[in-house]
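A.B. asks: So that you have it, the file is run_35.cif, and it contains mmCIF, C-alpha atoms:
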```
data_start
loop_
_atom_site.label_atom_id
_atom_site.label_comp_id
_atom_site.auth_asym_id
_atom_site.auth_seq_id
_atom_site.Cartn_x
_atom_site.Cartn_y
_atom_site.Cartn_z
CA MET A 1 -4.26 -22.20 8.48
CA SER A 2 -1.49 -23.71 6.35
CA PHE A 3 0.01 -22.58 3.04
CA ALA A 4 -2.19 -25.16 1.32
CA ASN A 5 -5.23 -23.09 2.35
CA LEU A 6 -3.92 -19.89 0.74
CA ALA A 7 -5.09 -20.70 -2.78
CA SER A 8 -5.74 -17.05 -3.60
CA GLN A 9 -2.02 -16.32 -3.15
CA GLU A 10 -0.72 -19.46 -4.81
CA ASP A 11 2.02 -17.79 -6.89
CA SER A 12 3.54 -15.76 -4.05
CA VAL A 13 3.28 -18.68 -1.62
CA ALA A 14 5.06 -20.88 -4.18
CA LEU A 15 7.97 -18.42 -4.29
CA LEU A 16 8.17 -18.42 -0.50
CA GLN A 17 8.07 -22.23 -0.33
CA ARG A 18 10.75 -22.44 -3.00
CA SER A 19 13.14 -20.50 -0.76
CA LEU A 20 12.25 -22.86 2.11
CA ASP A 21 12.83 -25.85 -0.17
CA ARG A 22 16.31 -24.60 -1.08
CA GLY A 23 17.19 -23.84 2.52
CA ARG A 24 17.52 -20.15 1.70
CA LEU A 25 15.40 -18.73 4.47
CA GLY A 26 15.76 -14.96 4.60
CA HIS A 27 16.49 -13.08 7.80
CA ALA A 28 13.99 -10.36 6.80
CA TYR A 29 10.91 -10.37 4.57
CA LEU A 30 8.68 -7.59 3.27
CA PHE A 31 5.15 -8.79 2.51
CA HIS A 32 2.99 -6.19 0.77
CA GLY A 33 -0.46 -6.27 -0.74
CA ALA A 34 -3.94 -4.82 -0.59
CA ASP A 35 -5.27 -6.73 2.44
CA LEU A 36 -3.37 -6.34 5.72
CA GLY A 37 -5.34 -9.17 7.33
CA GLU A 38 -4.26 -11.54 4.57
CA LEU A 39 -0.63 -10.48 5.01
CA GLU A 40 -0.92 -11.29 8.73
CA THR A 41 -2.23 -14.74 7.82
CA VAL A 42 0.77 -15.38 5.55
CA ALA A 43 3.21 -14.20 8.24
CA ARG A 44 1.54 -16.39 10.88
CA THR A 45 1.63 -19.38 8.52
CA LEU A 46 5.34 -18.82 7.85
CA ALA A 47 5.99 -18.70 11.61
CA LYS A 48 4.05 -21.95 12.08
CA THR A 49 5.81 -23.68 9.19
CA VAL A 50 9.40 -22.99 10.23
CA ASN A 51 8.62 -24.00 13.84
CA CYS A 52 6.21 -26.87 13.16
CA ALA A 53 6.79 -30.11 15.10
CA ASN A 54 5.09 -32.22 12.44
CA PRO A 55 5.25 -30.40 9.07
CA GLN A 56 2.58 -31.25 6.53
CA ARG A 57 5.20 -31.15 3.78
CA ARG A 58 8.98 -31.59 3.84
CA ASN A 59 11.62 -31.38 1.14
CA ALA A 60 14.21 -34.08 0.42
CA ALA A 61 16.45 -32.68 3.16
CA GLY A 62 13.65 -32.82 5.72
CA LEU A 63 13.11 -29.07 5.84
CA PRO A 64 9.49 -28.01 6.49
CA LEU A 65 7.49 -26.58 3.56
CA ASP A 66 4.08 -26.30 5.23
CA SER A 67 2.69 -26.48 8.74
CA CYS A 68 0.54 -29.24 10.19
CA ASP A 69 -1.66 -26.61 11.87
CA GLN A 70 -2.28 -29.10 14.70
CA CYS A 71 0.84 -29.46 16.84
CA LEU A 72 1.33 -27.52 20.09
CA SER A 73 3.63 -24.99 18.42
CA CYS A 74 1.15 -24.30 15.61
CA ARG A 75 -1.72 -23.93 18.05
CA LYS A 76 0.24 -21.49 20.22
CA ILE A 77 1.19 -19.37 17.21
CA GLU A 78 -2.40 -19.39 15.94
CA GLY A 79 -3.60 -18.29 19.38
CA ASP A 80 -0.98 -15.50 19.63
CA ASN A 81 0.49 -16.94 22.83
CA HIS A 82 3.81 -18.35 21.65
CA PRO A 83 6.73 -16.80 23.60
CA ASP A 84 9.01 -16.66 20.54
CA ILE A 85 6.56 -15.06 18.11
CA MET A 86 6.23 -11.31 18.61
CA TRP A 87 3.81 -8.92 16.92
CA ILE A 88 4.24 -5.15 16.79
CA ARG A 89 1.41 -2.88 15.63
CA PRO A 90 0.78 0.88 15.69
CA GLU A 91 -0.59 1.63 19.13
CA SER A 92 0.02 5.29 19.94
CA LYS A 93 -2.63 7.97 19.57
CA SER A 94 -0.94 9.09 16.35
CA ARG A 95 -1.15 5.52 14.99
CA VAL A 96 2.59 5.10 14.57
CA ILE A 97 5.08 2.46 15.71
CA THR A 98 7.35 4.16 18.22
CA ILE A 99 10.93 3.70 19.38
CA ASP A 100 9.56 2.48 22.73
CA GLN A 101 7.89 -0.47 21.03
CA MET A 102 11.10 -1.32 19.19
CA VAL A 103 13.82 -0.69 21.77
CA HIS A 104 12.91 0.43 25.31
CA ARG A 105 9.34 0.16 26.56
CA LYS A 106 8.38 1.86 29.82
CA ASP A 107 5.69 -0.70 30.63
CA SER A 108 6.06 -4.41 31.44
CA LEU A 109 5.77 -5.51 27.80
CA ARG A 110 8.85 -6.53 25.84
CA PRO A 111 10.30 -4.26 23.15
CA LEU A 112 10.89 -6.11 19.88
CA LEU A 113 14.54 -5.66 18.96
CA PRO A 114 16.26 -6.66 22.25
CA ALA A 115 13.97 -9.69 22.44
CA MET A 116 14.92 -10.73 18.92
CA HIS A 117 18.58 -10.97 19.96
CA LEU A 118 17.77 -13.50 22.69
CA LYS A 119 17.83 -17.21 21.93
CA PRO A 120 14.41 -18.76 21.24
CA THR A 121 12.70 -20.13 24.35
CA GLU A 122 11.12 -23.17 22.70
CA ALA A 123 10.97 -22.56 18.95
CA ARG A 124 13.55 -23.18 16.25
CA TYR A 125 13.21 -19.61 15.02
CA LYS A 126 12.22 -16.45 16.84
CA ILE A 127 9.83 -14.45 14.64
CA GLY A 128 9.16 -10.71 14.81
CA VAL A 129 6.26 -9.39 12.75
CA ILE A 130 5.79 -5.65 12.22
CA VAL A 131 2.22 -4.95 11.10
CA SER A 132 1.74 -1.72 9.10
CA ALA A 133 5.51 -1.28 8.89
CA ASP A 134 4.96 1.92 6.91
CA ARG A 135 3.86 3.45 10.24
CA LEU A 136 7.35 3.18 11.77
CA ASN A 137 8.32 6.67 12.89
CA GLU A 138 11.78 7.97 12.01
CA SER A 139 13.57 6.89 15.19
CA ALA A 140 11.92 3.46 15.19
CA ALA A 141 12.78 2.95 11.51
CA ASN A 142 16.42 3.89 12.09
CA ALA A 143 16.69 1.52 15.06
CA PHE A 144 15.15 -1.26 12.99
CA LEU A 145 17.56 -0.55 10.14
CA LYS A 146 20.53 -1.15 12.46
CA THR A 147 19.12 -4.57 13.33
CA LEU A 148 18.64 -5.40 9.64
CA GLU A 149 22.29 -4.54 9.01
CA GLU A 150 23.37 -7.03 11.71
CA PRO A 151 20.48 -9.51 11.92
CA PRO A 152 20.33 -11.77 15.00
CA SER A 153 20.80 -15.49 14.44
CA ASP A 154 17.88 -17.95 14.62
CA SER A 155 15.41 -15.17 13.92
CA ILE A 156 13.20 -13.91 11.10
CA LEU A 157 11.82 -10.40 10.80
CA VAL A 158 8.66 -9.92 8.72
CA LEU A 159 7.36 -6.50 7.68
CA LEU A 160 3.75 -6.18 6.52
CA THR A 161 2.45 -3.17 4.64
CA THR A 162 -0.17 -2.03 2.16
CA GLU A 163 1.97 1.01 1.32
CA PRO A 164 5.56 -0.15 0.67
CA GLN A 165 6.42 3.18 -0.99
CA ARG A 166 6.33 4.80 2.45
CA LEU A 167 9.16 2.63 3.79
CA LEU A 168 12.78 3.73 3.74
CA ASP A 169 14.59 2.48 0.63
CA THR A 170 17.40 1.25 2.89
CA ILE A 171 14.92 -0.99 4.73
CA ILE A 172 13.31 -2.31 1.54
CA SER A 173 16.71 -3.15 0.03
CA ARG A 174 17.59 -5.39 2.99
CA CYS A 175 14.40 -7.47 2.84
CA LEU A 176 13.21 -10.24 0.56
CA ARG A 177 10.13 -8.67 -0.99
CA LEU A 178 6.97 -10.63 -1.87
CA ASN A 179 3.83 -9.11 -3.36
CA PHE A 180 0.54 -10.59 -2.11
CA GLY A 181 -1.50 -7.90 -3.83
CA GLY A 182 -3.10 -8.54 -7.17
CA GLU A 183 -6.50 -7.24 -8.09
CA MET A 184 -9.18 -6.29 -5.59
CA SER A 185 -11.47 -9.11 -4.62
CA ALA A 186 -14.60 -9.64 -6.71
CA HIS A 187 -16.70 -8.48 -3.76
CA ARG A 188 -14.86 -5.20 -3.46
CA ASN A 189 -14.91 -4.64 -7.21
CA GLU A 190 -18.67 -5.13 -7.25
CA ALA A 191 -19.20 -2.91 -4.22
CA LEU A 192 -17.02 -0.16 -5.70
CA ALA A 193 -18.70 -0.38 -9.12
CA GLU A 194 -22.17 -0.26 -7.55
CA TRP A 195 -21.35 2.81 -5.44
CA LEU A 196 -19.48 4.50 -8.28
CA GLY A 197 -22.49 3.99 -10.54
CA ARG A 198 -24.65 6.00 -8.12
CA PHE A 199 -21.97 8.69 -7.84
CA VAL A 200 -21.65 8.99 -11.63
CA GLU A 201 -25.41 9.17 -12.13
CA MET A 202 -25.60 12.05 -9.68
CA ALA A 203 -22.42 13.79 -10.86
CA SER A 204 -23.32 13.66 -14.56
CA ALA A 205 -26.89 14.95 -14.16
CA GLU A 206 -27.63 17.98 -16.32
CA GLN A 207 -28.85 20.27 -13.54
CA LYS A 208 -25.90 21.66 -11.55
CA SER A 209 -26.30 23.35 -8.14
CA LEU A 210 -24.59 23.76 -4.79
CA LEU A 211 -27.18 21.40 -3.33
CA GLY A 212 -26.13 18.81 -5.90
CA ARG A 213 -22.52 19.03 -4.70
CA TYR A 214 -23.59 18.50 -1.11
CA ASN A 215 -25.64 15.51 -2.23
CA LEU A 216 -22.42 14.08 -3.71
CA LEU A 217 -20.66 14.76 -0.41
CA SER A 218 -23.45 12.98 1.46
CA LEU A 219 -23.12 10.00 -0.87
CA VAL A 220 -19.37 9.77 -0.19
CA LEU A 221 -19.71 10.21 3.58
CA SER A 222 -22.49 7.62 3.86
CA ARG A 223 -20.40 5.07 1.97
CA LEU A 224 -17.40 5.79 4.18
CA ALA A 225 -19.58 5.32 7.27
CA GLU A 226 -20.59 1.88 5.94
CA ILE A 227 -16.94 1.03 5.33
CA LYS A 228 -15.96 2.16 8.84
CA GLU A 229 -18.66 0.02 10.44
CA ALA A 230 -17.78 -3.07 8.41
CA THR A 231 -14.04 -2.56 9.00
CA THR A 232 -14.51 -2.24 12.77
CA GLU A 233 -16.48 -5.48 12.87
CA THR A 234 -14.03 -7.41 10.66
CA VAL A 235 -10.85 -6.26 12.40
CA ALA A 236 -12.33 -6.77 15.88
CA LYS A 237 -12.98 -10.44 15.09
CA LYS A 238 -9.25 -10.93 14.42
CA SER A 239 -8.14 -9.23 17.64
CA PRO A 240 -6.75 -11.44 20.46
CA LEU A 241 -9.30 -9.66 22.67
CA GLU A 242 -11.91 -11.93 21.07
CA ASN A 243 -10.10 -15.09 22.20
CA HIS A 244 -8.88 -14.19 25.69
CA ASP A 245 -11.11 -13.21 28.62
CA ASP A 246 -8.81 -13.23 31.63
CA ILE A 247 -5.81 -11.11 30.64
CA ASP A 248 -3.43 -8.72 32.36
CA ALA A 249 -4.74 -5.13 32.44
CA LYS A 250 -1.65 -3.70 30.74
CA LEU A 251 -1.78 -6.33 28.01
CA LYS A 252 -5.49 -5.64 27.53
CA ASP A 253 -4.77 -1.91 27.17
CA LYS A 254 -2.08 -2.70 24.61
CA TRP A 255 -4.40 -4.94 22.58
CA GLU A 256 -7.17 -2.31 22.73
CA ASP A 257 -4.76 0.35 21.46
CA GLU A 258 -3.61 -2.01 18.71
CA LEU A 259 -7.21 -2.74 17.73
CA THR A 260 -8.03 0.96 17.49
CA ALA A 261 -4.94 1.57 15.36
CA ALA A 262 -5.63 -1.49 13.16
CA VAL A 263 -9.21 -0.36 12.51
CA GLU A 264 -8.03 3.11 11.57
CA ALA A 265 -5.27 1.80 9.30
CA GLU A 266 -7.64 -0.55 7.45
CA TYR A 267 -10.31 2.15 7.18
CA ARG A 268 -7.79 4.59 5.70
CA ARG A 269 -6.72 1.97 3.18
CA GLU A 270 -10.31 1.29 2.10
CA ARG A 271 -11.06 5.01 1.96
CA ALA A 272 -8.06 5.47 -0.32
CA GLU A 273 -9.33 2.59 -2.46
CA LEU A 274 -12.73 4.26 -2.82
CA LEU A 275 -11.20 7.59 -3.83
CA THR A 276 -8.83 5.82 -6.21
CA GLY A 277 -11.85 4.29 -7.93
CA LEU A 278 -13.33 7.78 -8.26
CA GLN A 279 -10.02 9.02 -9.65
CA TRP A 280 -9.99 6.29 -12.30
CA TRP A 281 -13.49 7.30 -13.42
CA LEU A 282 -12.34 10.94 -13.60
CA ARG A 283 -9.49 9.63 -15.75
CA ASP A 284 -12.16 8.20 -18.06
CA VAL A 285 -13.68 11.69 -18.23
CA TRP A 286 -10.27 13.11 -19.14
CA LEU A 287 -9.86 10.47 -21.86
CA GLN A 288 -13.29 11.39 -23.21
CA THR A 289 -12.15 15.01 -23.60
CA LEU A 290 -9.30 13.62 -25.75
CA ASN A 291 -11.70 11.38 -27.72
CA LEU A 292 -9.90 8.27 -26.37
CA GLY A 293 -12.61 7.02 -24.04
CA GLU A 294 -13.77 4.05 -26.10
CA GLU A 295 -10.34 2.43 -26.38
CA MET A 296 -8.97 3.01 -22.89
CA SER A 297 -11.93 3.32 -20.50
CA THR A 298 -11.48 1.83 -17.03
CA PHE A 299 -15.23 1.59 -16.39
CA PRO A 300 -16.92 0.83 -19.74
CA ALA A 301 -20.34 0.55 -18.06
CA LEU A 302 -20.02 4.16 -16.88
CA THR A 303 -18.87 5.60 -20.20
CA ALA A 304 -22.15 7.47 -20.82
CA GLY A 305 -21.77 9.44 -17.58
CA ALA A 306 -18.13 10.19 -18.34
CA ALA A 307 -19.09 11.43 -21.81
CA ARG A 308 -21.78 13.75 -20.40
CA VAL A 309 -19.29 15.37 -18.03
CA ALA A 310 -16.59 15.52 -20.73
CA ARG A 311 -18.89 17.56 -22.99
CA ARG A 312 -19.19 20.20 -20.25
CA ILE A 313 -15.54 20.66 -19.30
CA SER A 314 -12.19 21.18 -21.02
CA THR A 315 -9.22 18.80 -21.11
CA ARG A 316 -7.38 21.13 -18.73
CA GLN A 317 -10.27 21.03 -16.23
CA ALA A 318 -10.43 17.24 -16.51
CA MET A 319 -6.72 17.06 -15.67
CA GLU A 320 -7.26 19.44 -12.72
CA ASN A 321 -9.85 16.96 -11.39
CA LEU A 322 -7.24 14.21 -11.32
CA GLN A 323 -4.74 16.45 -9.56
CA LEU A 324 -7.42 17.49 -7.07
CA ILE A 325 -8.13 13.89 -6.03
CA GLU A 326 -4.40 13.26 -5.73
CA ARG A 327 -4.04 16.25 -3.38
CA MET A 328 -7.07 15.11 -1.42
CA GLN A 329 -5.53 11.66 -0.92
CA ARG A 330 -2.29 13.19 0.38
CA LEU A 331 -4.21 15.51 2.70
CA LEU A 332 -6.31 12.67 4.11
CA ALA A 333 -3.11 10.75 4.89
CA THR A 334 -2.48 13.41 7.56
CA ASN A 335 -4.67 14.10 10.58
CA VAL A 336 -6.85 16.61 8.72
CA GLN A 337 -10.59 16.58 9.44
CA GLU A 338 -11.99 14.08 6.95
CA ALA A 339 -15.40 15.70 6.24
CA LEU A 340 -13.82 19.12 5.68
CA ALA A 341 -11.19 17.79 3.27
CA LEU A 342 -13.84 15.92 1.28
CA GLU A 343 -16.19 18.92 1.23
CA VAL A 344 -13.52 21.29 -0.07
CA GLY A 345 -12.37 18.78 -2.67
CA LEU A 346 -15.82 17.90 -4.02
CA LEU A 347 -16.85 21.55 -4.27
CA LYS A 348 -13.81 22.24 -6.47
CA LEU A 349 -14.38 19.35 -8.92
CA HIS A 350 -15.21 20.36 -12.48
CA LEU A 351 -18.39 18.50 -13.33
#
```
Give the structure from this file in structure tokens form.

C.D. replies:
Amino acid sequence: MSFANLASQEDSVALLQRSLDRGRLGHAYLFHGADLGELETVARTLAKTVNCANPQRRNAAGLPLDSCDQCLSCRKIEGDNHPDIMWIRPESKSRVITIDQMVHRKDSLRPLLPAMHLKPTEARYKIGVIVSADRLNESAANAFLKTLEEPPSDSILVLLTTEPQRLLDTIISRCLRLNFGGEMSAHRNEALAEWLGRFVEMASAEQKSLLGRYNLLSLVLSRLAEIKEATTETVAKKSPLENHDDIDAKLKDKWEDELTAAVEAEYRRERAELLTGLQWWLRDVWLQTLNLGEEMSTFPALTAGAARVARRISTRQAMENLQLIERMQRLLATNVQEALALEVGLLKLHL
């Protein structure tokens, strides 16, 4: 894929190509947005462009602005088998990026930072991509920061994250930051609205009971199970395991660990997105208690349900609902048991 194929990110891609056009290639980039897979595509396209043997577009000085997507270098990068393009992903059981991955591995695989200081084997630029950079543990982040302070020549470091707020400010300040976020895709908006409609119908029903709360929990858990299944299938298709049959056992283990971590990271992001949608509807309930629902509603189609709940609770209780979802999100970011956290949270909601 070339930059020309990334129409959905036209504005951010244009900013990136402008820096290429002016010959102001950064030594470190931070790409953030809602879709980690899309960020990986942008990073891979950047790697192909700067190392392309036959660029699709050049500026007046002959510098590449887009890849041909056909030359040997582009094909190697697309197939994840280029010796100068390195990818680091969370792979430990705790789904973090460790100091071993960055500096001194104990297996036969190369750690990122020492490799980045070596001259490229066959490319113009050596590229290091850190996927889910927000998962760098403290020692790995500090080691990476030292490299950012004295970046190696002929190299580009690219950090990808859906949660830039979790990165050290000192790391963010040393990177050129590009937002590939924007609104959720139409598909996800529709899926969220459809599920939220069912939740609101059940939550705003007049008859309240403990069984009703557990029905809400069941609705949430069943939707999360659907998300987990779809995420596993989608992420697995992007794994190099899908494209390589005869691979070294250690490399296969590494890719399997990376796949497990990537699935979990994407699932957590989509789970947070679902709960954020619920939180925005609860905000509509809060606005209804203040008689501001008509002007500022996030989900106008669900206003009737929000109004029914608002008539039953106080403004203080509506605000407590918002705080409850916020605490639940923070708790779920740890290794707490998911079903238990959701059960406790939903039982405490004022509905």

A.B. asks: Rounded to one decimal, what separation in Å do you get between CA of Ile227 (chain A) and CA of Leu196 (chain A)?

C.D. replies: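 If I compute the distance from CA of Ile227 (chain A) to CA of Leu196 (chain A), I get 14.3 Å.
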
A.B. asks: In Å, rounded to a single decimal, give me how far CA of Leu302 (chain A) is from CA of Gly197 (chain A).

C.D. replies: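 Between CA of Gly197 (chain A) and CA of Leu302 (chain A) the gap works out to 6.8 Å.
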
A.B. asks: Given the PyMOL selection byres ((chain A and resi 67) around 10) and the file above, list the residues it selects as a list in words.

C.D. replies: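 This file gives the following for the PyMOL selection byres ((chain A and resi 67) around 10): Met1, Ser2, Phe3, Ala4, Thr45, Leu46, Ala47, Lys48, Thr49, Val50, Asn51, Cys52, Ala53, Asn54, Pro55, Gln56, Arg57, Arg58, Pro64, Leu65, Asp66, Cys68, Asp69, Gln70, Cys71, Ser73 and Cys74 of chain A.
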
A.B. asks: Those residues with C-alpha atoms, as a PDB file, in the coordinates of the input please?

C.D. replies:
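Saved as again21.pdb:
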```pdb
ATOM      1  CA  MET A   1      -4.260 -22.200   8.480  1.00  0.00           C
ATOM      2  CA  SER A   2      -1.490 -23.710   6.350  1.00  0.00           C
ATOM      3  CA  PHE A   3       0.010 -22.580   3.040  1.00  0.00           C
ATOM      4  CA  ALA A   4      -2.190 -25.160   1.320  1.00  0.00           C
ATOM      5  CA  THR A  45       1.630 -19.380   8.520  1.00  0.00           C
ATOM      6  CA  LEU A  46       5.340 -18.820   7.850  1.00  0.00           C
ATOM      7  CA  ALA A  47       5.990 -18.700  11.610  1.00  0.00           C
ATOM      8  CA  LYS A  48       4.050 -21.950  12.080  1.00  0.00           C
ATOM      9  CA  THR A  49       5.810 -23.680   9.190  1.00  0.00           C
ATOM     10  CA  VAL A  50       9.400 -22.990  10.230  1.00  0.00           C
ATOM     11  CA  ASN A  51       8.620 -24.000  13.840  1.00  0.00           C
ATOM     12  CA  CYS A  52       6.210 -26.870  13.160  1.00  0.00           C
ATOM     13  CA  ALA A  53       6.790 -30.110  15.100  1.00  0.00           C
ATOM     14  CA  ASN A  54       5.090 -32.220  12.440  1.00  0.00           C
ATOM     15  CA  PRO A  55       5.250 -30.400   9.070  1.00  0.00           C
ATOM     16  CA  GLN A  56       2.580 -31.250   6.530  1.00  0.00           C
ATOM     17  CA  ARG A  57       5.200 -31.150   3.780  1.00  0.00           C
ATOM     18  CA  ARG A  58       8.980 -31.590   3.840  1.00  0.00           C
ATOM     19  CA  PRO A  64       9.490 -28.010   6.490  1.00  0.00           C
ATOM     20  CA  LEU A  65       7.490 -26.580   3.560  1.00  0.00           C
ATOM     21  CA  ASP A  66       4.080 -26.300   5.230  1.00  0.00           C
ATOM     22  CA  CYS A  68       0.540 -29.240  10.190  1.00  0.00           C
ATOM     23  CA  ASP A  69      -1.660 -26.610  11.870  1.00  0.00           C
ATOM     24  CA  GLN A  70      -2.280 -29.100  14.700  1.00  0.00           C
ATOM     25  CA  CYS A  71       0.840 -29.460  16.840  1.00  0.00           C
ATOM     26  CA  SER A  73       3.630 -24.990  18.420  1.00  0.00           C
ATOM     27  CA  CYS A  74       1.150 -24.300  15.610  1.00  0.00           C
TER      28      CYS A  74
END
```

A.B. asks: Rank A:Glu264, A:Ala43, A:Gly26, A:Trp255 by their smallest atom-to-atom distance to Ala230 (chain A), using all atoms listed in the file, and report the top residue only.

C.D. replies: A:Glu264

A.B. asks: A:Ser314, A:Asn81, A:Thr161, A:Gln9: which is nearest Phe31 (chain A), counting all atoms listed in the file?

C.D. replies: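 When distances to Phe31 (chain A) are compared using all atoms listed in the file, the smallest one comes from A:Thr161.
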
A.B. asks: Grab the CA of Arg198 (chain A) to CA of Tyr214 (chain A) distance for me, in Å with one decimal place.

C.D. replies: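 Pair CA of Arg198 (chain A) / CA of Tyr214 (chain A) returns 14.4 Å.
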
A.B. asks: Could you list, as a list in words, every residue within 12 Å of Cys175 (chain A), counting all atoms listed in the file and ignoring same-chain residues fewer than 3 positions away?

C.D. replies: Leu25, Gly26, His27, Ala28, Tyr29, Leu30, Phe31, His32, Phe144, Leu145, Thr147, Leu148, Glu149, Pro151, Ile156, Leu157, Val158, Leu159, Leu160, Pro164, Leu167, Leu168, Asp169, Thr170, Ile171, Ile172 and Leu178 of chain A

A.B. asks: Out of A:Glu266, A:Met319, A:Ala272, A:Ala141, which residue has the shortest atom-to-atom distance to Thr289 (chain A) when counting only C-alpha atoms?

C.D. replies: A:Met319

A.B. asks: Quick one: of A:Leu332, A:Ala205, A:Leu211, A:Leu322, who's nearest to Gly305 (chain A), counting all atoms listed in the file?

C.D. replies: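 Result for the nearest residue to Gly305 (chain A): A:Ala205.
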
A.B. asks: Quick one: residues within 10 Å of Ala203 (chain A), all atoms listed in the file, excluding same-chain residues fewer than 5 positions away - as a list of chain:residue names?

C.D. replies: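 Residues meeting the cut-off are A:Gly197, A:Arg198, A:Lys208, A:Gly212, A:Arg213, A:Asn215, A:Leu216, A:Gly305, A:Ala306, A:Arg308, A:Val309, A:Leu349, A:His350, A:Leu351.
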
A.B. asks: Selection from above, C-alpha atoms, as a PDB file, in the frame of the given file, can you write it?

C.D. replies:
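Dumped everything to selection-v9.pdb:
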```pdb
ATOM      1  CA  GLY A 197     -22.490   3.990 -10.540  1.00  0.00           C
ATOM      2  CA  ARG A 198     -24.650   6.000  -8.120  1.00  0.00           C
ATOM      3  CA  LYS A 208     -25.900  21.660 -11.550  1.00  0.00           C
ATOM      4  CA  GLY A 212     -26.130  18.810  -5.900  1.00  0.00           C
ATOM      5  CA  ARG A 213     -22.520  19.030  -4.700  1.00  0.00           C
ATOM      6  CA  ASN A 215     -25.640  15.510  -2.230  1.00  0.00           C
ATOM      7  CA  LEU A 216     -22.420  14.080  -3.710  1.00  0.00           C
ATOM      8  CA  GLY A 305     -21.770   9.440 -17.580  1.00  0.00           C
ATOM      9  CA  ALA A 306     -18.130  10.190 -18.340  1.00  0.00           C
ATOM     10  CA  ARG A 308     -21.780  13.750 -20.400  1.00  0.00           C
ATOM     11  CA  VAL A 309     -19.290  15.370 -18.030  1.00  0.00           C
ATOM     12  CA  LEU A 349     -14.380  19.350  -8.920  1.00  0.00           C
ATOM     13  CA  HIS A 350     -15.210  20.360 -12.480  1.00  0.00           C
ATOM     14  CA  LEU A 351     -18.390  18.500 -13.330  1.00  0.00           C
TER      15      LEU A 351
END
```

A.B. asks: Residue by residue, what does the PyMOL selection byres ((chain A and resi 256) around 12) grab here? Present the result as a list in words.

C.D. replies: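 Here the PyMOL selection byres ((chain A and resi 256) around 12) matches Arg89, Pro90, Glu91, Ser92, Lys93, Val235, Ala236, Ser239, Pro240, Leu241, Glu242, Ile247, Ala249, Lys250, Leu251, Lys252, Asp253, Lys254, Trp255, Asp257, Glu258, Leu259, Thr260, Ala261, Ala262 and Val263 of chain A.
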
A.B. asks: List as a ChimeraX atom specification the protein and nucleic acid residues near Leu274 (chain A), meaning an atom at most 10 Å away when all atoms listed in the file are counted, but skip any in the same chain fewer than 5 places from it.

C.D. replies: /A:188,191-193,195-196,220,223-224,227,268-269,279
